[in-house]
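Student: Dropping a structure here in structure tokens format, bear with me for questions.
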There are 2 protein chains.
Amino acid sequence: MNELTIRLETKSQIPLYEQIYIYIKNDIQSRKIKCGDKLPSTRALAKHLDISRSTVELAYEQLVAEGYVEARAYKGFFVTKIDDLYQWKQAEETVLIKEEKKEIEYAYDFTPNGIDLNSFPYRVWRKLAKDVLADDKATFFKAGNSQGEYELRDTLCHYLYQSRGVNCEAEQIIVGAGNDYLLMLLQMILKGKHRIAFENPTYRQAYRLFQQLDYETRTVEMDEKGMRVDELRKVQADIAYVMPSHQYPLGIIMPIQRRMELLRWAAEKDGRYIIEDDYDSEFRYKGKPIPALQGYDRNDKVIYIGTFSKSIAPAIRVSYLVLPKPLLKVYKEKGRFLNSTVSRVDQQIIHQFIQQGYYERHLNKMRGVYKSRHDVMINSLKPLLKKCKISGENAGVHLLLTFPSQVAEIELIERAKSIGIKVYGLSAYDVCTEKKLNPTILLGYANMQEEEIKEGVQQLISAWRELF
Amino acid sequence: MNELTIRLETKSQIPLYEQIYIYIKNDIQSRKIKCGDKLPSTRALAKHLDISRSTVELAYEQLVAEGYVEARAYKGFFVTKIDDLYQWKQAEETVLIKEEKKEIEYAYDFTPNGIDLNSFPYRVWRKLAKDVLADDKATFFKAGNSQGEYELRDTLCHYLYQSRGVNCEAEQIIVGAGNDYLLMLLQMILKGKHRIAFENPTYRQAYRLFQQLDYETRTVEMDEKGMRVDELRKVQADIAYVMPSHQYPLGIIMPIQRRMELLRWAAEKDGRYIIEDDYDSEFRYKGKPIPALQGYDRNDKVIYIGTFSKSIAPAIRVSYLVLPKPLLKVYKEKGRFLNSTVSRVDQQIIHQFIQQGYYERHLNKMRGVYKSRHDVMINSLKPLLKKCKISGENAGVHLLLTFPSQVAEIELIERAKSIGIKVYGLSAYDVCTEKKLNPTILLGYANMQEEEIKEGVQQLISAWRELF
């Protein structure tokens, strides 16, 4: 083959060399030019197309780089042998269905996972973001410490000691992009097969995650003090996942005796650990927050995990893991090479947010906001008091209504739905099929104004009237 | 026990109720108050301390909440039985050793992992951050889509098609906080035991990660076309991890025949996959970037992973995974419940950065900056051309110098070190002990000004003169 007649568009956006490259590549792909064929020399083609030789050379170089053509010394350019040559798949002409499902519009949504984003300190956050990004600080865009920036960990360390009684050093803290990630990292540190025991009902997200990570999962019955340690012994787990300061979803606070019992269980055997998920302990409306279990641990048995999802905002994606020292050692050997999952800019904003006292102020404010909503809800629920039991109050951002067993939970939910109110059933948190939980409705109040709570609860009471 | 003489500090920052609570708790912990003891009634203690009864009640409630004390109806408050009661561990008085190691100060550091942060578009980034945070947009602080925001994925989808020839829909993309996290997620999707084959030498981070994830790892020899498929067959792996567009660290571009061969290997058996790590293909200084392997895949065998670490900044912590459709289905069943690891604010900034054309401009600018540095380095290296072979040029941000086998790599590194210059040996990327690699030095240029490159290379040449 000595000639290639390529129609070049001199006015096109596509450079000439690229037009030549595309033309020849297409011809090779469609077998119009056969393998082994010799391409015209760069000089000949340049002359033929009346363009500069360097343009042709660039096109040939690209074909060589991608392997369609090979250069043979003293001989020229030849089409290479390619067995299954097919073109790029054409972009399929499926109409992209946006993934948003049409959700039912509810007038009131008593989600137990809400937070009040109207109270988010936007102004402060903007200011801090601006400060951090000011002055073209290259440092914040360099790869950072894999555990999280030392400054942030140091600040967290003090915060956790002061407000949660957590006893640790900055080097025990790993900052990560959410609990899910940190638990995945923990699996890498713990290695091997484990049997993990959960309270039931529990935080489903963690339960599912450990199932996906191929842990054997077990559920352990709770009494009014939380996870029963005698039952925990029966399931022969080596890890217990608990939320002692405010169990989710039941709101149970584990008292000191049970905590000690649990710590004793862990201390009895090498390799036993307690994962303490301290997800929303910041919000307690009577007295002080309950100190973390970690603070009582003398045997390096408690793995503490906390998050800013509830106390700042879910989309912040920053959580922290406090590793007991023996596991820290393993992490340093096996996991430290992993890059941090939180951007340094975000870490710096949070560091400043805590350091400059904004976090404390924000928490105090939110405690006030949520307490008022909590009180309004308790008040509004008074007419129901003879029909059901209220529990889980005085802390967190939701409470529970437990009904007599003859009332069907699903019926309560459906009646609410029929008048445009979304409520949540406890069975959604049930991960054990053996024992039936009493019909229970969760009512969250973080995401609702006081007036909405009053109105919503009133409507609920009317809708449920016939059921009991 | 009827009386407790508590010295209250009325001027203290600590509220009175808390002082009472702490006093009693300490007395219980130190066994000064025995278990079973009755506390004075709230009325009696209030009178005794001359404070309001509600203050005492609040203190008692806190003790009850934490389980130190129990309330018995009609009888009063009693200290509960706690077996191993110990206090919080006192914060250990170890002086916190800041983790920063003292590094040797190098005058020039030819790191192959650098990026030029002086060229980071700080002003634009600040503006976009400000815009995103403006108007108190609560949406960006709500929990978002677990795969990443649809807008960003849609934008990525177009970008990847245009610039990398990647063929996918937005729903196949998962945005995550870095490659490490996305590969951990991938392990959850692939499930079970796998044998994964790496090129050797390779990107050590991914190799180590898969080892930690309990994959069987194998290395496969490369020739000048990249991973040898005949050798891949021999190791009987089911997953191949490759960097076809620009192998790290060797800089090899896999030609079309080898790509087809690799795709054929994957298509031959169910469960075989290719992970295509397309980490820095944006930077090619001759002709167009080489299209991704993924674009040629007709059998849903290529898992594509890309990152903004090289093209924007390492601390950005945003990568993206493109799943073939069968794996997408598995992800939706097993992994979709996991929360996104990237904050919505950051996602929105990146979305706007691409959408408004800043990314393209930034890439073009960086290509220019890096090409100049690349050319300066090639030029400066001319005096060495008789002594060693240059490879891996024309793309990426580093090149390789391969020396005759009688020169020791370590000696080259040490000589450089002795004059304050840091260079990197290929053996650091060697994950296979069987076959010895030729002595090779990696020289990166992204992080150095042109003058520094000239000066640094000149000094290197003098320092190495006696070695060959």
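Letters A, B, ... go to the chains of the structure tokens in the order shown; residues in each chain start at 1; ligands are counted from 1 in the same order.
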What's the 10 Å shell around Glu261 in chain A, counting only C-alpha atoms, without same-chain residues fewer than 3 positions away, as a list of chain:residue names?
Tutor: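 Selected residues are A:Arg228, A:Val229, A:Asp230, A:Ile256, A:Gln257, A:Arg258, A:Arg264, A:Trp265, A:Ala266, A:Ala267, B:Ile82, B:Asp83, B:Asp84.
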Student: Pull the closest atom pair for each residue of chain B that gets at most 6 Å from chain A, along with the distance in Å to one decimal, counting only C-alpha atoms, ordering rows by chain and then ascending residue number, as CSV.
Tutor:
```
residue,atom,partner,partner_atom,distance
B:Gln62,CA,A:Gly287,CA,5.9
B:Glu66,CA,A:Pro255,CA,4.9
B:Gly67,CA,A:Pro255,CA,4.0
B:Ile82,CA,A:Gln257,CA,5.0
B:Trp88,CA,A:Tyr296,CA,4.8
B:Leu117,CA,A:Ala138,CA,5.9
B:Tyr122,CA,A:Asp136,CA,5.7
B:Asp136,CA,A:Tyr122,CA,5.7
B:Ala138,CA,A:Leu117,CA,5.9
B:Phe141,CA,A:Ala315,CA,4.6
B:Lys142,CA,A:Ala315,CA,5.3
B:Ala143,CA,A:Ala315,CA,4.8
B:Ala177,CA,A:Thr341,CA,5.0
B:Pro255,CA,A:Gly67,CA,4.0
B:Ile256,CA,A:Gly67,CA,4.8
B:Gln257,CA,A:Ile82,CA,5.0
B:Gly287,CA,A:Gln62,CA,5.9
B:Gly295,CA,A:Trp88,CA,5.3
B:Tyr296,CA,A:Trp88,CA,4.8
B:Ala313,CA,A:Phe141,CA,5.7
B:Pro314,CA,A:Ala143,CA,5.0
B:Ala315,CA,A:Phe141,CA,4.6
B:Ile316,CA,A:Ser343,CA,5.2
B:Arg317,CA,A:Ser343,CA,5.5
B:Thr341,CA,A:Ala177,CA,5.0
B:Ser343,CA,A:Ile316,CA,5.2
B:Arg344,CA,A:Ala315,CA,5.8
```
Student: Taking the DSSP assignment computed from this structure's backbone, write out as a ChimeraX atom specification all residues of range 129-358 of chain A that belong to strand (DSSP E).
Tutor: /A:173-176,195-199,216-220,222-223,226-227,239-242,273-277,302-307,319-322
Student: Create the file for the chosen residues now, containing C-alpha atoms and written as a tab-separated table (two decimals), in the first residue's frame.
Tutor:
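Output file selection_15.tsv follows:
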```tsv
chain	number	residue	atom	x	y	z
A	173	ILE	CA	-6.43	7.63	67.14
A	174	ILE	CA	-7.16	6.93	63.48
A	175	VAL	CA	-9.26	9.47	61.65
A	176	GLY	CA	-11.27	8.03	58.75
A	195	ARG	CA	-17.41	-14.27	65.81
A	196	ILE	CA	-18.98	-10.96	66.71
A	197	ALA	CA	-21.92	-10.49	69.06
A	198	PHE	CA	-24.44	-7.70	68.64
A	199	GLU	CA	-27.19	-6.45	70.88
A	216	GLU	CA	-19.82	-14.87	62.01
A	217	THR	CA	-22.49	-12.71	63.57
A	218	ARG	CA	-24.53	-13.53	66.66
A	219	THR	CA	-27.17	-11.63	68.54
A	220	VAL	CA	-27.35	-11.44	72.30
A	222	MET	CA	-30.64	-7.48	76.29
A	223	ASP	CA	-32.30	-6.75	79.57
A	226	GLY	CA	-28.14	-3.72	78.00
A	227	MET	CA	-26.34	-6.76	76.58
A	239	ILE	CA	-15.89	-9.63	69.88
A	240	ALA	CA	-18.83	-7.76	71.39
A	241	TYR	CA	-20.26	-4.74	69.59
A	242	VAL	CA	-22.04	-2.48	72.07
A	273	TYR	CA	-12.40	-7.28	72.28
A	274	ILE	CA	-15.26	-4.90	72.86
A	275	ILE	CA	-16.18	-2.45	70.12
A	276	GLU	CA	-17.74	0.57	71.80
A	277	ASP	CA	-19.81	2.57	69.33
A	302	VAL	CA	-11.96	-1.63	74.22
A	303	ILE	CA	-11.93	-0.38	70.63
A	304	TYR	CA	-13.70	2.95	70.71
A	305	ILE	CA	-15.41	4.46	67.67
A	306	GLY	CA	-17.02	7.89	67.42
A	307	THR	CA	-18.33	10.11	64.67
A	319	SER	CA	-15.16	9.38	62.26
A	320	TYR	CA	-12.41	8.30	64.63
A	321	LEU	CA	-11.21	5.01	65.98
A	322	VAL	CA	-9.29	4.69	69.24
```
Student: Measure the distance from CA of Lys436 in chain B to CA of Pro112 in chain B in Å and round it to one decimal.
Tutor: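 So the two atoms, CA of Lys436 in chain B and CA of Pro112 in chain B, lie 21.4 Å apart.
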Student: Would you mind telling me which residue in A:Leu327, A:Cys388, A:Leu16, A:Leu160 lies nearest to Arg53 in chain A when using only C-alpha atoms?
Tutor: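 Counting only C-alpha atoms, the residue closest to Arg53 in chain A is A:Leu16.
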Student: For Met243 in chain B, which residue among B:Glu434, B:Glu409, B:Asp278, B:Glu70 is the nearest when counting only C-alpha atoms?
Tutor: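 That would be B:Asp278, the residue with the smallest distance to Met243 in chain B.
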Student: Set the distance at 10 Å and use only C-alpha atoms: which residues neighbour Lys435 in chain B once local chain neighbours fewer than 5 positions away are removed? I'd like the list as a PyMOL selection string.
Tutor: chain B and resi 200+221+430
Student: Write out as JSON, numbers by chain all residues of range 125-348 of chain A that DSSP puts in alpha helix (DSSP H) for this structure's backbone.
Tutor: {"A": [125, 126, 127, 128, 129, 130, 131, 132, 133, 150, 151, 152, 153, 154, 155, 156, 157, 158, 159, 160, 161, 162, 163, 164, 179, 180, 181, 182, 183, 184, 185, 186, 187, 188, 189, 190, 204, 205, 206, 207, 208, 209, 210, 211, 212, 229, 230, 231, 232, 233, 234, 235, 256, 257, 258, 259, 260, 261, 262, 263, 264, 265, 266, 267, 325, 326, 327, 328, 329, 330, 331, 332, 333, 334, 344, 345, 346, 347, 348]}
Student: Applying 6 Å and only C-alpha atoms, which residues near Phe283 in chain A remain after dropping the ones on its own chain fewer than 3 positions away? List them as a list in words.
Tutor: Arg367, Ala395 and Gly396 of chain A
Student: Dump N, CA and C atoms for the selected residues as an mmCIF file, in the first residue's frame?
Tutor:
```
data_model
loop_
_atom_site.group_PDB
_atom_site.id
_atom_site.type_symbol
_atom_site.label_atom_id
_atom_site.label_comp_id
_atom_site.auth_asym_id
_atom_site.auth_seq_id
_atom_site.Cartn_x
_atom_site.Cartn_y
_atom_site.Cartn_z
ATOM 1 N N ARG A 367 -27.887 20.755 72.089
ATOM 2 C CA ARG A 367 -28.476 20.098 73.250
ATOM 3 C C ARG A 367 -29.735 20.858 73.674
ATOM 4 N N ALA A 395 -32.291 11.362 76.199
ATOM 5 C CA ALA A 395 -30.997 11.319 75.507
ATOM 6 C C ALA A 395 -31.233 11.035 74.032
ATOM 7 N N GLY A 396 -30.199 11.275 73.222
ATOM 8 C CA GLY A 396 -30.293 10.989 71.797
ATOM 9 C C GLY A 396 -31.282 11.909 71.105
#
```
Student: For a test of reading the model, state the distance in Å between CA of Lys11 in chain A and CA of Ile51 in chain A, rounded to one decimal.
Tutor: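 Taking CA of Lys11 in chain A as the start and CA of Ile51 in chain A as the end point, the length is 14.1 Å.
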Student: With distances taken over only C-alpha atoms, which residue among B:Arg153, B:Lys75, B:His398, B:Arg31 lies nearest Pro249 in chain B?
Tutor: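 Result for the nearest residue to Pro249 in chain B: B:His398.
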Student: At a cut-off of 9 Å, using only C-alpha atoms, what residues contact range 41-45 of chain A? Leave out same-chain residues fewer than 2 positions from it and give the result as a list in words.
Tutor: Asn2, Glu3, Leu4, Thr5, Lys38, Leu39, Lys47, His48, Leu49, Asp50, Ile51, Ser52, Arg53, Ser54, Thr55, Val56, Glu57, Tyr60, Gly76 and Phe77 of chain A
Student: With C-alpha atoms kept, could you save the residues just selected as a PDB file, in the first residue's frame?
Tutor:
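For reference, out10.pdb as written:
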```
ATOM      1  CA  ASN A   2       1.499   3.234  -1.029  1.00  0.00           C
ATOM      2  CA  GLU A   3      -1.253   5.708  -0.737  1.00  0.00           C
ATOM      3  CA  LEU A   4      -3.913   6.646   1.749  1.00  0.00           C
ATOM      4  CA  THR A   5      -6.484   9.129   0.697  1.00  0.00           C
ATOM      5  CA  LYS A  38       3.298  -1.439   5.029  1.00  0.00           C
ATOM      6  CA  LEU A  39       2.108   2.123   5.555  1.00  0.00           C
ATOM      7  CA  LYS A  47       3.524  14.897   0.025  1.00  0.00           C
ATOM      8  CA  HIS A  48       0.332  13.111  -0.995  1.00  0.00           C
ATOM      9  CA  LEU A  49      -1.751  15.004   1.561  1.00  0.00           C
ATOM     10  CA  ASP A  50       0.166  18.214   1.082  1.00  0.00           C
ATOM     11  CA  ILE A  51       0.963  18.635   4.773  1.00  0.00           C
ATOM     12  CA  SER A  52       4.158  18.781   6.786  1.00  0.00           C
ATOM     13  CA  ARG A  53       6.073  15.590   7.376  1.00  0.00           C
ATOM     14  CA  SER A  54       6.149  16.145  11.148  1.00  0.00           C
ATOM     15  CA  THR A  55       2.342  15.983  11.229  1.00  0.00           C
ATOM     16  CA  VAL A  56       2.433  12.526   9.666  1.00  0.00           C
ATOM     17  CA  GLU A  57       5.229  11.484  11.998  1.00  0.00           C
ATOM     18  CA  TYR A  60       2.457   7.377  13.148  1.00  0.00           C
ATOM     19  CA  GLY A  76       9.266   1.611   7.520  1.00  0.00           C
ATOM     20  CA  PHE A  77       5.987   1.286   9.357  1.00  0.00           C
TER      21      PHE A  77
END
```
